[in-house]
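Q: Before we start, here is the structure in question, set down as structure tokens.
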Amino acid sequence: GGRGPLIVAALRFVDDRAHVDPLTGHVRIDVRSCGPGQADRTALDYALRLAAEVDGRAVAVTAGPPAADAMLRDALAVGAHAVLRVDLHRDDPVAVAADDGAGVARALADAITTAFGRPELVLCGDHSADRGTGSTPAHLAEELGAVQALGLLGLSREGNGLRAVRRLDGGRRELLAVPLPAVCSVEPATVRLRRASLPATLAARGAPVPVAQVVVAHDGRVQFGPARAYRPRPRVLPSPEATDPRQRLLALTGALVERTPPRVIRPASPAQAADELLGYLRRHGYLADE
């Protein structure tokens, strides 16, 4: 590679054709159809372009299994100077189920700085096909102490920094002056990854892929789930006194109990509607009388 700054393309190894079981929610992934998404390919091409302008080093990095080596060899074929695969090991099962991207970003930052030094620019895809949160670039910027510019449509050199174009609502665009070091995520809008030549593809097929072993530790923070509609607590019901199973079931379900017929009310004001709702909740035991 060149003697200029280090530019890293952080690629995500995903399956664009993953199958989700509709009953169990289990995701089945086939490594034969795994690879980088279109946004990650765009990030790699930007890394190659920007590195060529300043005689820098373009490095492709991913966190994934050994099957991701083929994706990194493809990056070597299109012109990346070096590659690195980060093999993640979880020390806590909680970290696997509730990872917001911070653990992966921490592992990537440690592996990149240890293997290549501190990068001037890290490029990522803004989203992935496996319902990724897109939070890893922001966490990477925090770990590397760099500025962040996310969801970019265009990226180019301008002076000692970068000129970026970001999409806004309503079809508008925003021009950004991004100082370095920086972490940027790009959309697959106008740039497509270049094709590799046949000699480069054959040469990269047997290239060794360095592997960094990193342990992702759970930091113990409380993880919050998605927001859901409020559901009142269930009422406490006394246990049925009958010994016959049928009578106990009838007592629990109230199938033979005379019920209050439904009625339609048309409150004249919001205050009257609130009073009707609170009265209903009190009558059915969801609220206690003060």
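Residues are referred to by chain and number: the chain letter is A, B, ... according to the order shown in the structure tokens, the number counts from 1 in that chain, and ligands are numbered separately from 1 in the order shown.
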When you look at segment 147-164 of chain A with a cut-off of 12 Å (counting only C-alpha atoms), what residues show up, excluding the ones that are within fewer than 3 positions of it in the same chain? I need them as a PyMOL selection string.

A: chain A and resi 5+39+42-43+45-54+120-127+134-144+167-168+172-192

Q: Contacts of Asp74 of chain A at 9 Å or less, counting only C-alpha atoms, minus same-chain residues fewer than 4 places along, as a list in words?

A: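 Contacts, with the query itself left out: Asp69, Ala70, Val78, Gly79, Ala80, Ala196, Thr201, Ala204 and Arg205 of chain A.
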
Q: Write a file of the selected residues as a PDB file, in the first residue's frame, keeping C-alpha atoms.

A:
ATOM      1  CA  ASP A  69     -12.694 -14.918   4.233  1.00  0.00           C
ATOM      2  CA  ALA A  70     -14.066 -15.193   0.686  1.00  0.00           C
ATOM      3  CA  VAL A  78     -10.665  -5.095  -6.390  1.00  0.00           C
ATOM      4  CA  GLY A  79      -7.661  -3.286  -4.916  1.00  0.00           C
ATOM      5  CA  ALA A  80      -7.648  -3.354  -1.103  1.00  0.00           C
ATOM      6  CA  ALA A 196     -12.066  -7.098 -10.309  1.00  0.00           C
ATOM      7  CA  THR A 201      -9.307 -12.541  -8.774  1.00  0.00           C
ATOM      8  CA  ALA A 204      -6.532 -13.235  -4.388  1.00  0.00           C
ATOM      9  CA  ARG A 205      -8.168 -16.645  -4.317  1.00  0.00           C
TER      10      ARG A 205
END

Q: Write out as a VMD selection string the set of residues from segment 66-172 of chain A that DSSP, computed on the backbone, places in helix (DSSP H, G or I).

A: chain A and resid 66 to 78 93 to 97 102 to 115 136 to 144 169 to 171

Q: For Val236 of chain A, which residue among A:His284, A:Arg41, A:Arg194, A:Arg248 is the nearest when counting only C-alpha atoms?

A: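 Smallest separation from Val236 of chain A among the options: A:His284.
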
Q: I'd like the interatomic distance between atom CA of Ala200 of chain A and atom CA of Val14 of chain A, to a tenth of an Å.

A: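 For atom CA of Ala200 of chain A relative to atom CA of Val14 of chain A, the distance reads 24.1 Å.
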
Q: Within 10 Å of segment 249-265 of chain A, counting only C-alpha atoms, which residues qualify if same-chain residues fewer than 2 places away don't, as a PyMOL selection string?

A: chain A and resi 237-242+244-247+267-268+273+276

Q: Can you tell me, as an MDAnalysis selection string, what residues are no more than 6 Å from segment 61-65 of chain A when counting only C-alpha atoms, ignoring any on the same chain fewer than 2 positions away?

A: chainID A and resid 10:12 67:68 83:87

Q: For the residues in that selection, give me N, CA, C and O atoms as a CSV table (one decimal), in the first residue's frame.

A:
chain,number,residue,atom,x,y,z
A,10,ALA,N,-15.2,-1.0,6.8
A,10,ALA,CA,-15.8,-2.0,7.7
A,10,ALA,C,-17.0,-2.6,7.1
A,10,ALA,O,-18.0,-2.0,6.9
A,11,LEU,N,-16.8,-3.9,6.7
A,11,LEU,CA,-17.9,-4.6,5.9
A,11,LEU,C,-18.6,-5.5,6.9
A,11,LEU,O,-18.1,-6.0,7.8
A,12,ARG,N,-19.9,-5.6,6.6
A,12,ARG,CA,-20.8,-6.5,7.4
A,12,ARG,C,-21.1,-7.8,6.6
A,12,ARG,O,-21.5,-7.7,5.4
A,67,ALA,N,-16.2,-18.2,7.1
A,67,ALA,CA,-16.8,-18.1,5.8
A,67,ALA,C,-16.6,-16.7,5.2
A,67,ALA,O,-16.8,-16.6,4.0
A,68,ALA,N,-16.4,-15.7,6.0
A,68,ALA,CA,-16.2,-14.4,5.6
A,68,ALA,C,-14.9,-14.1,4.9
A,68,ALA,O,-14.7,-13.0,4.3
A,83,VAL,N,-6.4,-6.9,4.4
A,83,VAL,CA,-7.7,-7.3,5.0
A,83,VAL,C,-7.5,-7.8,6.4
A,83,VAL,O,-6.3,-8.2,6.8
A,84,LEU,N,-8.5,-7.9,7.1
A,84,LEU,CA,-8.5,-8.4,8.5
A,84,LEU,C,-9.9,-8.9,8.9
A,84,LEU,O,-10.9,-8.2,8.7
A,85,ARG,N,-9.9,-10.1,9.4
A,85,ARG,CA,-11.2,-10.7,9.9
A,85,ARG,C,-11.1,-10.7,11.4
A,85,ARG,O,-10.1,-11.3,12.0
A,86,VAL,N,-12.1,-10.2,12.1
A,86,VAL,CA,-12.2,-10.2,13.5
A,86,VAL,C,-13.1,-11.3,14.0
A,86,VAL,O,-14.3,-11.4,13.6
A,87,ASP,N,-12.5,-12.3,14.7
A,87,ASP,CA,-13.3,-13.4,15.2
A,87,ASP,C,-13.7,-13.1,16.6
A,87,ASP,O,-12.9,-13.0,17.6

Q: Determine which residues of segment 71-206 of chain A receive a DSSP assignment of strand (DSSP E or B), computed from the backbone, and state them as a ChimeraX atom specification.

A: /A:82-90,121-125,147-158,161-167,173-178,182-186

Q: Using only C-alpha atoms, pick whichever of A:Met71, A:Leu281, A:Val59, A:Leu44 has the shortest atom-to-atom distance to Ala115 of chain A.

A: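 Among the listed residues, the smallest separation from Ala115 of chain A belongs to A:Val59.
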